[in-house]
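Reproduced below: start.cif, with mmCIF, C-alpha atoms and all ligand atoms.
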data_query
#
loop_
_atom_site.group_PDB
_atom_site.id
_atom_site.type_symbol
_atom_site.label_atom_id
_atom_site.label_comp_id
_atom_site.auth_asym_id
_atom_site.auth_seq_id
_atom_site.Cartn_x
_atom_site.Cartn_y
_atom_site.Cartn_z
ATOM 1 C CA MET M 282 -14.340 -7.549 14.124
ATOM 2 C CA ASP M 283 -15.860 -9.020 10.989
ATOM 3 C CA ALA M 284 -13.871 -9.396 7.782
ATOM 4 C CA PHE M 285 -15.581 -6.487 6.023
ATOM 5 C CA ASP M 286 -14.811 -4.080 8.880
ATOM 6 C CA ALA M 287 -11.194 -5.251 9.054
ATOM 7 C CA ILE M 288 -10.784 -4.527 5.351
ATOM 8 C CA THR M 289 -12.466 -1.131 5.349
ATOM 9 C CA ASP M 290 -11.101 0.018 8.734
ATOM 10 C CA ARG M 291 -7.479 -0.629 7.699
ATOM 11 C CA ARG M 292 -5.500 2.590 7.494
ATOM 12 C CA SER M 293 -1.840 3.360 6.971
ATOM 13 C CA ILE M 294 -0.668 4.634 10.346
ATOM 14 C CA SER M 295 2.691 6.423 10.267
ATOM 15 C CA ARG M 296 3.307 6.544 14.012
ATOM 16 C CA LEU M 297 2.955 3.251 15.828
ATOM 17 C CA VAL M 298 3.827 2.668 19.453
ATOM 18 C CA ASP M 299 4.169 -0.146 22.002
ATOM 19 C CA PRO M 300 2.796 -2.669 22.532
ATOM 20 C CA GLY M 301 3.277 -4.470 19.260
ATOM 21 C CA PRO M 302 1.847 -7.860 18.441
ATOM 22 C CA THR M 303 3.169 -10.658 20.658
ATOM 23 C CA PRO M 304 5.120 -13.579 19.144
ATOM 24 C CA ALA M 305 1.912 -15.656 19.177
ATOM 25 C CA GLU M 306 0.009 -12.844 17.452
ATOM 26 C CA ILE M 307 2.780 -12.434 14.885
ATOM 27 C CA ALA M 308 2.443 -16.145 14.102
ATOM 28 C CA THR M 309 -1.312 -15.652 13.683
ATOM 29 C CA LEU M 310 -0.733 -12.668 11.380
ATOM 30 C CA LEU M 311 1.740 -14.558 9.229
ATOM 31 C CA GLY M 312 -0.727 -17.455 9.087
ATOM 32 C CA ALA M 313 -3.237 -15.036 7.612
ATOM 33 C CA ALA M 314 -0.566 -13.774 5.197
ATOM 34 C CA VAL M 315 0.201 -17.251 3.834
ATOM 35 C CA SER M 316 -3.518 -17.900 3.315
ATOM 36 C CA ALA M 317 -3.331 -15.667 0.242
ATOM 37 C CA PRO M 318 -4.070 -17.046 -3.226
ATOM 38 C CA ASP M 319 -0.892 -18.405 -4.770
ATOM 39 C CA HIS M 320 -0.939 -19.653 -8.371
ATOM 40 C CA GLY M 321 0.674 -23.085 -8.617
ATOM 41 C CA LYS M 322 1.318 -23.085 -4.861
ATOM 42 C CA ALA M 323 4.733 -21.594 -5.532
ATOM 43 C CA ARG M 324 5.021 -20.325 -1.936
ATOM 44 C CA PRO M 325 7.329 -17.461 -2.903
ATOM 45 C CA TRP M 326 6.705 -15.394 0.247
ATOM 46 C CA ARG M 327 9.331 -14.965 2.947
ATOM 47 C CA PHE M 328 9.041 -12.874 6.093
ATOM 48 C CA VAL M 329 11.829 -11.415 8.199
ATOM 49 C CA VAL M 330 10.456 -10.246 11.537
ATOM 50 C CA PHE M 331 12.308 -7.443 13.317
ATOM 51 C CA THR M 332 11.541 -6.731 16.973
ATOM 52 C CA GLY M 333 13.520 -5.269 19.889
ATOM 53 C CA GLU M 334 17.246 -4.764 19.300
ATOM 54 C CA ASP M 335 17.131 -6.313 15.830
ATOM 55 C CA ARG M 336 15.425 -3.134 14.606
ATOM 56 C CA SER M 337 18.336 -0.889 15.575
ATOM 57 C CA ARG M 338 20.882 -3.478 14.394
ATOM 58 C CA PHE M 339 19.249 -3.396 10.965
ATOM 59 C CA GLY M 340 19.672 0.387 11.143
ATOM 60 C CA ASP M 341 23.364 -0.154 10.326
ATOM 61 C CA ILE M 342 22.322 -1.723 7.024
ATOM 62 C CA LEU M 343 19.802 1.037 6.321
ATOM 63 C CA GLU M 344 22.502 3.632 6.962
ATOM 64 C CA ALA M 345 24.968 1.782 4.708
ATOM 65 C CA SER M 346 22.240 1.602 2.053
ATOM 66 C CA ALA M 347 21.570 5.346 2.222
ATOM 67 C CA ARG M 348 25.337 6.023 2.151
ATOM 68 C CA HIS M 349 25.654 3.889 -0.970
ATOM 69 C CA LEU M 350 22.773 5.704 -2.712
ATOM 70 C CA ALA M 351 24.273 9.078 -1.720
ATOM 71 C CA GLU M 352 27.665 8.032 -3.143
ATOM 72 C CA VAL M 353 26.058 6.975 -6.411
ATOM 73 C CA ALA M 354 24.331 10.376 -6.550
ATOM 74 C CA GLY M 355 27.640 12.090 -5.714
ATOM 75 C CA GLU M 356 26.222 13.636 -2.553
ATOM 76 C CA PRO M 357 27.443 13.316 1.023
ATOM 77 C CA LEU M 358 25.186 11.718 3.643
ATOM 78 C CA ASP M 359 24.924 14.207 6.487
ATOM 79 C CA GLU M 360 24.813 13.031 10.096
ATOM 80 C CA ALA M 361 21.112 13.921 10.558
ATOM 81 C CA ARG M 362 20.156 11.729 7.597
ATOM 82 C CA ALA M 363 22.450 8.918 8.748
ATOM 83 C CA ASP M 364 20.794 9.038 12.157
ATOM 84 C CA LYS M 365 17.328 8.974 10.579
ATOM 85 C CA GLU M 366 18.284 5.868 8.624
ATOM 86 C CA ARG M 367 19.652 4.125 11.723
ATOM 87 C CA ARG M 368 16.365 4.797 13.513
ATOM 88 C CA ARG M 369 14.049 3.926 10.625
ATOM 89 C CA PHE M 370 12.827 0.570 11.974
ATOM 90 C CA LEU M 371 12.298 2.068 15.425
ATOM 91 C CA ARG M 372 9.134 3.747 14.150
ATOM 92 C CA ALA M 373 7.144 0.677 15.190
ATOM 93 C CA PRO M 374 7.575 -2.142 17.715
ATOM 94 C CA VAL M 375 7.485 -4.770 14.940
ATOM 95 C CA VAL M 376 8.643 -4.514 11.338
ATOM 96 C CA VAL M 377 8.135 -7.385 8.906
ATOM 97 C CA ALA M 378 10.186 -7.376 5.727
ATOM 98 C CA VAL M 379 8.069 -9.132 3.091
ATOM 99 C CA LEU M 380 10.179 -10.744 0.408
ATOM 100 C CA CYS M 381 9.349 -12.585 -2.790
ATOM 101 C CA ARG M 382 11.878 -15.319 -3.492
ATOM 102 C CA MET M 383 11.136 -16.409 -7.011
ATOM 103 C CA GLN M 384 10.558 -20.128 -7.285
ATOM 104 C CA ALA M 385 11.664 -22.163 -10.303
ATOM 105 C CA ARG M 386 8.126 -22.967 -11.425
ATOM 106 C CA ARG M 387 6.080 -22.525 -14.536
ATOM 107 C CA VAL M 388 4.136 -19.791 -12.737
ATOM 108 C CA LEU M 389 5.051 -16.353 -14.086
ATOM 109 C CA GLN M 390 7.317 -14.325 -11.816
ATOM 110 C CA ALA M 391 4.775 -11.491 -11.995
ATOM 111 C CA GLU M 392 2.165 -13.863 -10.566
ATOM 112 C CA GLN M 393 4.529 -15.014 -7.829
ATOM 113 C CA ARG M 394 4.923 -11.378 -6.862
ATOM 114 C CA ASP M 395 1.139 -10.943 -7.027
ATOM 115 C CA ALA M 396 0.772 -13.752 -4.477
ATOM 116 C CA VAL M 397 3.197 -12.000 -2.119
ATOM 117 C CA VAL M 398 1.357 -8.699 -2.586
ATOM 118 C CA ALA M 399 -1.881 -10.507 -1.646
ATOM 119 C CA ALA M 400 -0.117 -11.974 1.404
ATOM 120 C CA THR M 401 0.983 -8.472 2.410
ATOM 121 C CA GLN M 402 -2.577 -7.194 2.238
ATOM 122 C CA ASN M 403 -3.745 -10.178 4.294
ATOM 123 C CA LEU M 404 -1.151 -9.269 6.896
ATOM 124 C CA LEU M 405 -2.390 -5.663 7.068
ATOM 125 C CA VAL M 406 -6.052 -6.680 7.296
ATOM 126 C CA ALA M 407 -5.339 -9.352 9.909
ATOM 127 C CA ALA M 408 -3.399 -6.802 11.994
ATOM 128 C CA THR M 409 -6.426 -4.494 11.823
ATOM 129 C CA ALA M 410 -8.671 -7.367 12.939
ATOM 130 C CA LEU M 411 -6.414 -7.932 15.964
ATOM 131 C CA GLY M 412 -6.665 -4.227 16.835
ATOM 132 C CA TYR M 413 -3.171 -3.196 15.671
ATOM 133 C CA GLY M 414 -2.185 -0.370 13.383
ATOM 134 C CA SER M 415 -0.032 -0.988 10.362
ATOM 135 C CA ILE M 416 1.615 0.607 7.386
ATOM 136 C CA TRP M 417 3.148 -0.907 4.256
ATOM 137 C CA ARG M 418 6.311 0.999 3.377
ATOM 138 C CA THR M 419 8.793 0.656 0.560
ATOM 139 C CA GLY M 420 11.056 3.667 0.005
ATOM 140 C CA ASP M 421 14.672 3.508 -1.145
ATOM 141 C CA ALA M 422 15.413 0.498 1.050
ATOM 142 C CA ALA M 423 13.080 -1.736 -0.980
ATOM 143 C CA ASN M 424 15.233 -1.223 -4.076
ATOM 144 C CA SER M 425 18.624 -0.939 -2.452
ATOM 145 C CA PRO M 426 21.415 -3.322 -3.511
ATOM 146 C CA VAL M 427 22.819 -3.087 0.026
ATOM 147 C CA VAL M 428 19.533 -4.192 1.615
ATOM 148 C CA ARG M 429 18.998 -6.849 -1.048
ATOM 149 C CA GLU M 430 22.415 -8.281 -0.280
ATOM 150 C CA ALA M 431 21.680 -8.263 3.446
ATOM 151 C CA PHE M 432 18.644 -10.458 2.771
ATOM 152 C CA GLY M 433 20.654 -12.672 0.409
ATOM 153 C CA LEU M 434 18.300 -12.042 -2.491
ATOM 154 C CA ASP M 435 18.892 -13.430 -5.957
ATOM 155 C CA ALA M 436 18.614 -11.154 -8.989
ATOM 156 C CA ASP M 437 14.897 -11.822 -9.653
ATOM 157 C CA ASP M 438 13.777 -11.704 -6.024
ATOM 158 C CA VAL M 439 11.817 -8.704 -4.787
ATOM 159 C CA ILE M 440 11.478 -6.777 -1.547
ATOM 160 C CA VAL M 441 7.718 -6.281 -1.663
ATOM 161 C CA GLY M 442 7.690 -4.043 1.370
ATOM 162 C CA PHE M 443 8.271 -3.443 5.030
ATOM 163 C CA VAL M 444 5.128 -3.813 7.128
ATOM 164 C CA TYR M 445 5.269 -1.793 10.331
ATOM 165 C CA LEU M 446 2.994 -3.032 13.125
ATOM 166 C CA GLY M 447 2.057 -1.613 16.495
ATOM 167 C CA THR M 448 -0.500 0.190 18.580
ATOM 168 C CA VAL M 449 -2.256 3.221 17.133
ATOM 169 C CA PRO M 450 -1.663 6.212 19.471
ATOM 170 C CA ALA M 451 -4.908 7.459 21.029
ATOM 171 C CA ASP M 452 -4.537 10.922 19.456
ATOM 172 C CA THR M 453 -4.279 9.596 15.880
ATOM 173 C CA ALA M 454 -6.798 11.249 13.562
ATOM 174 C CA LEU M 455 -8.278 8.606 11.283
ATOM 175 C CA GLU M 456 -9.670 9.848 8.008
ATOM 176 C CA GLU M 457 -13.182 8.600 7.237
ATOM 177 C CA ARG M 458 -13.110 6.415 4.146
ATOM 178 C CA VAL M 459 -15.939 6.535 1.632
ATOM 179 C CA VAL M 460 -16.448 2.993 0.394
ATOM 180 C CA ASP M 461 -17.876 3.872 -2.987
ATOM 181 C CA PRO M 462 -16.358 2.080 -5.962
ATOM 182 C CA THR M 463 -18.547 3.872 -8.520
ATOM 183 C CA PRO M 464 -15.779 6.055 -10.046
ATOM 184 C CA TRP M 465 -13.733 2.980 -10.914
ATOM 185 C CA ILE M 466 -16.418 0.796 -12.453
ATOM 186 C CA GLU M 467 -16.290 0.666 -16.232
ATOM 187 C CA PRO M 468 -18.925 -0.711 -18.569
ATOM 188 C CA VAL M 469 -18.589 -4.219 -19.967
ATOM 189 C CA PRO M 470 -16.935 -3.853 -23.404
ATOM 190 C CA TRP M 471 -19.641 -5.422 -25.549
ATOM 191 C CA ALA M 472 -18.476 -3.787 -28.743
ATOM 192 C CA THR M 473 -16.084 -5.990 -30.713
ATOM 193 C CA PRO M 474 -13.033 -4.304 -32.342
ATOM 194 C CA THR M 475 -14.861 -4.661 -35.673
ATOM 195 C CA ASP M 476 -17.969 -2.898 -34.287
ATOM 196 C CA ALA M 477 -15.811 -0.133 -32.824
ATOM 197 C CA SER M 478 -14.277 0.684 -36.191
ATOM 198 C CA GLY M 479 -17.787 1.086 -37.610
ATOM 199 C CA SER M 480 -17.357 -1.507 -40.353
HETATM 200 C C1 LIG P 501 3.394 -0.819 -2.606
HETATM 201 C C2 LIG P 501 3.119 0.218 -1.548
HETATM 202 C C3 LIG P 501 4.175 0.952 -1.044
HETATM 203 C C4 LIG P 501 3.964 1.928 -0.074
HETATM 204 N N1 LIG P 501 5.043 2.615 0.409
HETATM 205 C C5 LIG P 501 4.849 3.578 1.330
HETATM 206 C C6 LIG P 501 5.960 4.284 1.847
HETATM 207 O O1 LIG P 501 7.120 4.042 1.495
HETATM 208 N N2 LIG P 501 5.724 5.248 2.772
HETATM 209 C C7 LIG P 501 4.446 5.531 3.209
HETATM 210 O O2 LIG P 501 4.280 6.420 4.034
HETATM 211 N N3 LIG P 501 3.374 4.839 2.751
HETATM 212 C C8 LIG P 501 3.545 3.872 1.829
HETATM 213 N N4 LIG P 501 2.467 3.146 1.382
HETATM 214 C C9 LIG P 501 1.133 3.379 1.957
HETATM 215 C C10 LIG P 501 0.302 4.308 1.092
HETATM 216 O O3 LIG P 501 0.871 5.584 1.101
HETATM 217 C C11 LIG P 501 -1.138 4.326 1.633
HETATM 218 O O4 LIG P 501 -1.692 3.056 1.455
HETATM 219 C C12 LIG P 501 -2.004 5.364 0.922
HETATM 220 O O5 LIG P 501 -1.616 6.644 1.315
HETATM 221 C C13 LIG P 501 -3.486 5.203 1.242
HETATM 222 O O6 LIG P 501 -3.716 5.301 2.616
HETATM 223 P P1 LIG P 501 -4.444 4.132 3.404
HETATM 224 O O7 LIG P 501 -3.540 2.910 3.352
HETATM 225 O O8 LIG P 501 -4.629 4.640 4.806
HETATM 226 O O9 LIG P 501 -5.741 3.848 2.718
HETATM 227 C C14 LIG P 501 2.646 2.169 0.405
HETATM 228 C C15 LIG P 501 1.578 1.423 -0.123
HETATM 229 C C16 LIG P 501 1.813 0.450 -1.066
HETATM 230 C C17 LIG P 501 0.653 -0.370 -1.598
#

Starting from the file, lay out its structure as structure tokens.
Ligand SMILES: Cc1cc2nc3c(=O)[nH]c(=O)nc-3n(C[C@H](O)[C@H](O)[C@H](O)COP(=O)(O)O)c2cc1C
Amino acid sequence: MDAFDAITDRRSISRLVDPGPTPAEIATLLGAAVSAPDHGKARPWRFVVFTGEDRSRFGDILEASARHLAEVAGEPLDEARADKERRRFLRAPVVVAVLCRMQARRVLQAEQRDAVVAATQNLLVAATALGYGSIWRTGDAANSPVVREAFGLDADDVIVGFVYLGTVPADTALEERVVDPTPWIEPVPWATPTDASGS
């Protein structure tokens, strides 16, 4: 698959099944991720790869996170919701938590995050090129103090997302994407502020 097709064929696929990428393929995908532009070569990206049993083990943390959020909201966490949380990472054979660990550099923290966002997109596109489905998810877990603590994040660090990877089920309906940027192209602003005021 050429690069253009991998970019435009990428879709967020909610239901992903076995087989997921192999360890060698995961290494290839993360190699693509860390090929992203990165101002000042800060290398702020970190990846935590969940496969097999580790996905259900992390479910304990996701449940604790949801319980914490429910407590803060003054609501109980019912058993159905607790079960959903425990099973969250089982929605795909591989889940990669993409973290931004802010580096003590002159590069703005916003730009360090931008580099990790670009790495995440590379990961999604590379997965598409290898024939796998993917989805970038955030949700409550990406902002949860319980999950942040589990990853040992410092105050400025960011959970950029959870990338789910796996095989696209044969019966998945893929929406046709119109690759037309016209609605989002604006004219070059030739007028200076002085011109715009009419003086
Ligand atoms: C920062 C970010 C967070 C996202 N979080 C979620 C999420 O929590 N759950 C979800 O179903 N999709 C999530 N998505 C995927 C978007 O919903 C999806 O990209 C959008 O619907 C467009 O569909 P497409 O990716 O197939 O083009 C997220 C996307 C981004 C960029």

Which of M:Glu334, M:Asp421, M:Asp359, M:Asp435 sits closest to ligand LIG 501 (chain P) [using only C-alpha atoms and all ligand atoms] =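 Closest residue, counting only C-alpha atoms and all ligand atoms: M:Asp421.
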
Contacts of Val449 in chain M within 7 Å, only C-alpha atoms, excl. fewer than 2 positions in-chain, as a ChimeraX atom specification | /M:297-298,413-414,447,451,453

So what does the PyMOL selection byres (((not hetatm)) within 7 of (chain P and resi 501)) actually pick up in this one, as a list in words?
->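 Selected by the PyMOL selection byres (((not hetatm)) within 7 of (chain P and resi 501)) here: Arg291, Arg292, Ser293, Ile294, Ser295, Ile416, Trp417, Arg418, Thr419, Gly420 and Gly442 of chain M.
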
Selection under test: the PyMOL selection byres (((chain M and resi 385-401) around 8) and not hetatm); residues as an MDAnalysis selection string = chainID M and resid 313:321 323:326 379:381 383:384 402:405 439 441 444

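Put simply, CA of Asp283 in chain M is 10.5 Å away from CA of Thr409 in chain M.
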
Neighbour list for Phe339 in chain M as a ChimeraX atom specification, cut-off 10 Å, all atoms listed in the file, skip fewer than 5 positions in-chain = /M:331,334,344-345,366-371,428,431

Just the residues within 9 Å of Ala422 in chain M, please, counting all atoms listed in the file, with nothing from its chain fewer than 3 positions along; format it as number ranges by chain.
-> M: 343, 346-347, 419, 425-429, 440, 442

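CA of Arg296 in chain M is positioned 29.2 Å from CA of Gly433 in chain M.
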
M:Ala436, M:Val460, M:Leu446, M:Leu358: which is nearest Val406 in chain M, counting all atoms listed in the file?
-> M:Leu446

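If all atoms listed in the file are the atoms counted, then among M:Gly412, M:Phe443, M:Asp437, M:Glu352 the closest residue to Arg336 in chain M is M:Phe443.
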
What is the CA of Glu467 in chain M-CA of Phe285 in chain M distance in Å, reported with one decimal?
->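 So the two atoms, CA of Glu467 in chain M and CA of Phe285 in chain M, lie 23.4 Å apart.
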
Result set of the PyMOL selection byres (((chain M and resi 375) around 6) and not hetatm) on the coordinates above, as JSON, numbers by chain = {"M": [331, 332, 373, 374, 376, 445, 446]}

Residue nearest Phe432 in chain M among M:Trp471, M:Phe328, M:Ile466, M:Met282 (counting all atoms listed in the file) = M:Phe328
